[in-house]
Protein chains: 2
Amino acid sequence: MAVRGAELTAEKLLQATHELMLEHGGVEPSVSQLCERAGVQVAMVSYCFGGKTQLLQALLDRAVEDVVAQLGRLGAADLPPEEKLRRHVAGVIRNFVRYPYAQRLSQTLAAGDPAVARTAGQFARPLLQFHAELLADGVRAGAFRPMDPTLFFFSLVGACEFLFAAQSWLDEPIDERLIERFTEHTTELVLRGISPSSRSQPDARARGG
Amino acid sequence: MAVRGAELTAEKLLQATHELMLEHGGVEPSVSQLCERAGVQVAMVSYCFGGKTQLLQALLDRAVEDVVAQLGRLGAADLPPEEKLRRHVAGVIRNFVRYPYAQRLSQTLAAGDPAVARTAGQFARPLLQFHAELLADGVRAGAFRPMDPTLFFFSLVGACEFLFAAQSWLDEPIDERLIERFTEHTTELVLRGISPSSRSQPDARARGG
């Protein structure tokens, strides 16, 4: 098989896997399912990627590259911290629309083979770093209250992610309108939550959690 | 096999599955793995439950029963809405410590067989109802701003859940100290986020998401 042919076949397999993961709520398709969708021979998974795990890893790598590029652009933009956070929340939600399987797939790959746990770092590290810098900027500007960036990372991503992770719990389809409402809702919740004003913190802490 | 013996074996299998799911980050153990841990014959899974799917369903049912009982107690407690929400957030986090596999398992079972999608309703419905009532109480009391209870449900559960779902992204172990910090962090974020005071909403909306 010519190099060009192998590349096309690899692309078809990635696209078929992407589609099937979207359709099946993040459940991994079997090799035969994804080859049938791609319209290629079953042997092509091994030929192009070395195996199904490596194919899934390649799919995840593509998503990671896209997300990292987005963060780089937003981080470099000349915008106030609140506006960056607003756009970031919208971006995180949009990425879960685009790659709803990414987080779970990353966990599965990491659990199945510690050697591929690198994906965890690929995904989480740029996000964590972005959050840490944005938080520091916002605190300096008086727009945010200080908080642990790692915990904030989990709160923010979780608040965006769960609608997609648990969409079978939803009575309506995830369409454009719902995404818009959810983005507005989440942005407002996060921006209020991180705001230095309002609630009297000593009172909140005195009562314990 | 006597009924009593079958009950004990079933309990051993449930406990072994619970432990293995905890240890393996929610990845389902194989039948042979869980029977080895339980110290029972492989045939016992079919004998006691009818199959592995039904065993997993039974494991989830136990978690659901516990969570529903907790919500019932908190809902009936004579406490102001803010304090109920504070305790609820702590309770949701505590349940992810106890049953970190529950949400994902519920998705897997629902995706694998639409007939067992009933679990989705079992878990989500009491939580959604609890949130809707608590939000309405809080808005009446002037403690919360109005918001969509379904979207709030996904935000709140997601903000609590993701630390557990993505714990391979964490550089430190999830221990008591981290859970305490995370509970305080999440409670504060959610209570500020839902608070009617502070941020000027028209400004936030005008700029778009």
# chains A, B, ... in the order shown; residues from 1 in each chain; ligands from 1
>>> residues_around(residues="range 135-143 of chain A", least_positions_apart="2", cutoff="10 Å", atoms="only C-alpha atoms", output="list in words")
Pro80, Pro81, Glu82, Lys84, Leu85, Gln129, Phe130, His131, Ala132, Glu133, Arg145, Pro146, Met147, Asp148, Pro149, Phe152, Leu191, Ile194, Ser195, Pro196 and Ser197 of chain A
>>> interface_residues(of="chain A", to="chain B", cutoff="8 Å", atoms="only C-alpha atoms", output="VMD selection string")
chain A and resid 24 to 25 27 86 to 87 90 103 107 to 108 110 to 111 120 to 121 124 147 151 154 to 163 166 168 to 169 180 182 to 195 197 to 199 204 to 205 208 to 209
>>> atom_distance(atom1="CA of Glu7 in chain B", atom2="CA of Ser32 in chain B")
19.4 Å
>>> calpha_fit_and_write(fixed="chain B", moving="chain A", output="compact mmCIF listing (two decimals) with C-alpha atoms, in the first residue's frame")
# COMPACT_ATOMS: atom_id res chain seq x y z
CA MET A 1 -27.12 -24.15 47.27
CA ALA A 2 -29.21 -22.92 50.19
CA VAL A 3 -30.85 -19.49 49.91
CA ARG A 4 -28.72 -18.20 52.76
CA GLY A 5 -25.55 -19.39 50.99
CA ALA A 6 -26.58 -17.75 47.72
CA GLU A 7 -27.23 -14.47 49.53
CA LEU A 8 -23.81 -14.55 51.15
CA THR A 9 -22.18 -15.34 47.81
CA ALA A 10 -24.12 -12.51 46.13
CA GLU A 11 -22.96 -10.13 48.86
CA LYS A 12 -19.34 -11.27 48.44
CA LEU A 13 -19.58 -10.70 44.68
CA LEU A 14 -21.09 -7.22 45.13
CA GLN A 15 -18.40 -6.28 47.63
CA ALA A 16 -15.60 -7.65 45.40
CA THR A 17 -16.95 -5.73 42.39
CA HIS A 18 -17.26 -2.56 44.49
CA GLU A 19 -13.63 -2.90 45.63
CA LEU A 20 -12.23 -3.66 42.17
CA MET A 21 -14.14 -0.75 40.60
CA LEU A 22 -12.69 1.54 43.28
CA GLU A 23 -9.17 0.24 42.72
CA HIS A 24 -9.31 0.40 38.94
CA GLY A 25 -10.81 3.86 38.57
CA GLY A 26 -14.23 2.65 37.54
CA VAL A 27 -13.04 0.19 34.89
CA GLU A 28 -15.21 -2.92 35.06
CA PRO A 29 -13.45 -6.02 36.33
CA SER A 30 -13.76 -9.24 34.36
CA VAL A 31 -15.93 -12.02 35.78
CA SER A 32 -12.85 -14.06 36.62
CA GLN A 33 -11.20 -11.09 38.38
CA LEU A 34 -14.19 -10.41 40.56
CA CYS A 35 -14.78 -14.09 41.37
CA GLU A 36 -11.14 -14.47 42.33
CA ARG A 37 -11.43 -11.45 44.66
CA ALA A 38 -14.69 -12.77 46.11
CA GLY A 39 -13.22 -16.25 46.49
CA VAL A 40 -16.14 -17.90 44.70
CA GLN A 41 -16.59 -20.05 41.60
CA VAL A 42 -17.01 -18.24 38.25
CA ALA A 43 -20.42 -19.87 37.76
CA MET A 44 -21.73 -18.01 40.82
CA VAL A 45 -22.19 -14.75 38.87
CA SER A 46 -24.81 -16.37 36.66
CA TYR A 47 -26.26 -18.35 39.56
CA CYS A 48 -26.72 -15.35 41.87
CA PHE A 49 -27.48 -12.55 39.40
CA GLY A 50 -28.15 -14.08 35.99
CA GLY A 51 -25.03 -12.45 34.56
CA LYS A 52 -22.41 -9.77 34.97
CA THR A 53 -24.64 -6.96 33.70
CA GLN A 54 -27.24 -7.79 36.34
CA LEU A 55 -24.53 -7.94 39.01
CA LEU A 56 -23.36 -4.45 37.99
CA GLN A 57 -26.97 -3.28 37.97
CA ALA A 58 -27.45 -4.62 41.51
CA LEU A 59 -24.30 -2.79 42.63
CA LEU A 60 -25.66 0.44 41.18
CA ASP A 61 -29.09 -0.12 42.73
CA ARG A 62 -27.50 -0.27 46.18
CA ALA A 63 -25.74 3.05 45.60
CA VAL A 64 -28.95 4.64 44.30
CA GLU A 65 -30.92 3.51 47.36
CA ASP A 66 -28.35 5.05 49.69
CA VAL A 67 -28.27 8.37 47.79
CA VAL A 68 -32.07 8.61 47.61
CA ALA A 69 -32.33 7.99 51.37
CA GLN A 70 -29.77 10.77 52.04
CA LEU A 71 -31.71 13.23 49.87
CA GLY A 72 -34.92 12.36 51.63
CA ARG A 73 -33.40 13.09 55.05
CA LEU A 74 -31.83 16.39 53.96
CA GLY A 75 -34.97 17.50 52.10
CA ALA A 76 -37.08 16.94 55.22
CA ALA A 77 -34.62 18.69 57.56
CA ASP A 78 -35.65 22.05 59.03
CA LEU A 79 -32.75 24.12 57.70
CA PRO A 80 -32.42 27.31 55.61
CA PRO A 81 -31.85 26.72 51.86
CA GLU A 82 -28.22 27.91 51.94
CA GLU A 83 -27.36 25.46 54.69
CA LYS A 84 -29.17 22.64 52.86
CA LEU A 85 -27.21 23.43 49.70
CA ARG A 86 -23.96 23.51 51.68
CA ARG A 87 -24.67 20.09 53.17
CA HIS A 88 -25.88 18.78 49.83
CA VAL A 89 -22.64 19.73 48.05
CA ALA A 90 -20.65 17.99 50.81
CA GLY A 91 -22.96 14.98 50.45
CA VAL A 92 -22.55 14.76 46.68
CA ILE A 93 -18.76 14.85 47.05
CA ARG A 94 -18.91 12.21 49.80
CA ASN A 95 -20.99 9.99 47.53
CA PHE A 96 -18.36 10.22 44.81
CA VAL A 97 -15.81 9.08 47.40
CA ARG A 98 -18.08 6.17 48.30
CA TYR A 99 -19.27 5.29 44.78
CA PRO A 100 -16.78 6.84 42.34
CA TYR A 101 -17.80 4.34 39.66
CA ALA A 102 -21.56 4.91 39.87
CA GLN A 103 -22.04 7.61 37.25
CA ARG A 104 -19.88 5.96 34.64
CA LEU A 105 -21.33 2.54 35.32
CA SER A 106 -24.80 3.96 34.92
CA GLN A 107 -23.82 5.35 31.50
CA THR A 108 -22.21 2.09 30.43
CA LEU A 109 -25.24 0.04 31.43
CA ALA A 110 -27.60 2.47 29.72
CA ALA A 111 -25.53 2.49 26.52
CA GLY A 112 -25.10 -1.28 26.46
CA ASP A 113 -28.76 -2.11 26.92
CA PRO A 114 -31.58 0.44 26.66
CA ALA A 115 -33.65 -1.78 28.95
CA VAL A 116 -31.40 -0.96 31.90
CA ALA A 117 -31.53 2.78 31.17
CA ARG A 118 -33.99 2.85 34.09
CA THR A 119 -30.97 3.39 36.31
CA ALA A 120 -30.50 6.82 34.78
CA GLY A 121 -33.95 7.79 35.99
CA GLN A 122 -33.42 6.17 39.39
CA PHE A 123 -30.33 8.24 40.00
CA ALA A 124 -31.10 11.50 38.28
CA ARG A 125 -34.79 11.98 39.05
CA PRO A 126 -34.56 12.25 42.86
CA LEU A 127 -31.53 14.55 42.54
CA LEU A 128 -33.26 16.75 39.96
CA GLN A 129 -36.37 16.95 42.11
CA PHE A 130 -34.31 17.78 45.19
CA HIS A 131 -32.52 20.57 43.27
CA ALA A 132 -35.75 21.98 41.88
CA GLU A 133 -37.34 22.14 45.36
CA LEU A 134 -34.22 23.56 47.01
CA LEU A 135 -33.84 26.21 44.30
CA ALA A 136 -37.48 27.23 44.61
CA ASP A 137 -37.17 27.46 48.42
CA GLY A 138 -33.98 29.50 48.11
CA VAL A 139 -35.45 31.91 45.55
CA ARG A 140 -38.52 32.40 47.78
CA ALA A 141 -36.22 33.09 50.75
CA GLY A 142 -34.16 35.56 48.69
CA ALA A 143 -31.05 33.41 49.19
CA PHE A 144 -30.67 32.19 45.58
CA ARG A 145 -31.17 33.79 42.18
CA PRO A 146 -33.58 31.96 39.85
CA MET A 147 -32.00 29.45 37.47
CA ASP A 148 -32.86 26.39 35.43
CA PRO A 149 -32.83 23.48 37.92
CA THR A 150 -31.80 20.94 35.26
CA LEU A 151 -28.78 22.99 34.21
CA PHE A 152 -27.95 23.61 37.87
CA PHE A 153 -28.13 19.87 38.50
CA PHE A 154 -25.54 19.19 35.78
CA SER A 155 -23.29 22.05 36.97
CA LEU A 156 -23.36 20.99 40.58
CA VAL A 157 -22.92 17.26 40.06
CA GLY A 158 -20.26 17.91 37.41
CA ALA A 159 -18.30 20.28 39.61
CA CYS A 160 -18.25 17.59 42.31
CA GLU A 161 -17.78 14.61 40.03
CA PHE A 162 -14.88 15.55 37.82
CA LEU A 163 -12.19 15.34 40.48
CA PHE A 164 -13.07 11.65 40.76
CA ALA A 165 -13.74 10.98 37.07
CA ALA A 166 -10.40 12.51 36.08
CA GLN A 167 -8.30 11.64 39.11
CA SER A 168 -5.48 10.38 36.91
CA TRP A 169 -5.04 14.08 36.01
CA LEU A 170 -4.31 14.84 39.65
CA ASP A 171 -0.74 14.99 40.96
CA GLU A 172 -1.75 14.06 44.52
CA PRO A 173 -3.82 11.19 45.95
CA ILE A 174 -7.47 11.83 46.84
CA ASP A 175 -7.21 11.67 50.62
CA GLU A 176 -9.25 13.08 53.51
CA ARG A 177 -7.39 16.39 53.45
CA LEU A 178 -7.94 16.95 49.74
CA ILE A 179 -11.62 16.03 50.07
CA GLU A 180 -12.01 18.58 52.83
CA ARG A 181 -10.32 21.31 50.78
CA PHE A 182 -12.30 20.36 47.70
CA THR A 183 -15.58 20.40 49.65
CA GLU A 184 -14.87 23.86 51.03
CA HIS A 185 -13.79 25.12 47.59
CA THR A 186 -16.83 23.68 45.79
CA THR A 187 -19.33 24.84 48.41
CA GLU A 188 -18.01 28.39 48.24
CA LEU A 189 -17.99 28.39 44.42
CA VAL A 190 -21.55 27.07 44.19
CA LEU A 191 -22.98 29.29 46.94
CA ARG A 192 -21.41 32.39 45.42
CA GLY A 193 -22.47 31.26 41.96
CA ILE A 194 -26.09 30.89 42.99
CA SER A 195 -26.16 34.01 45.18
CA PRO A 196 -28.48 36.81 43.99
CA SER A 197 -26.02 39.54 44.99
CA SER A 198 -22.83 40.79 43.32
CA ARG A 199 -22.20 40.74 39.56
CA SER A 200 -24.27 43.02 37.33
CA GLN A 201 -26.23 40.58 35.21
CA PRO A 202 -27.26 42.94 32.35
CA ASP A 203 -23.62 43.72 31.68
CA ALA A 204 -22.76 40.02 31.67
CA ARG A 205 -25.54 39.18 29.24
CA ALA A 206 -24.94 42.14 26.92
CA ARG A 207 -21.45 40.89 26.19
CA GLY A 208 -22.74 37.45 25.15
CA GLY A 209 -21.20 34.00 25.82
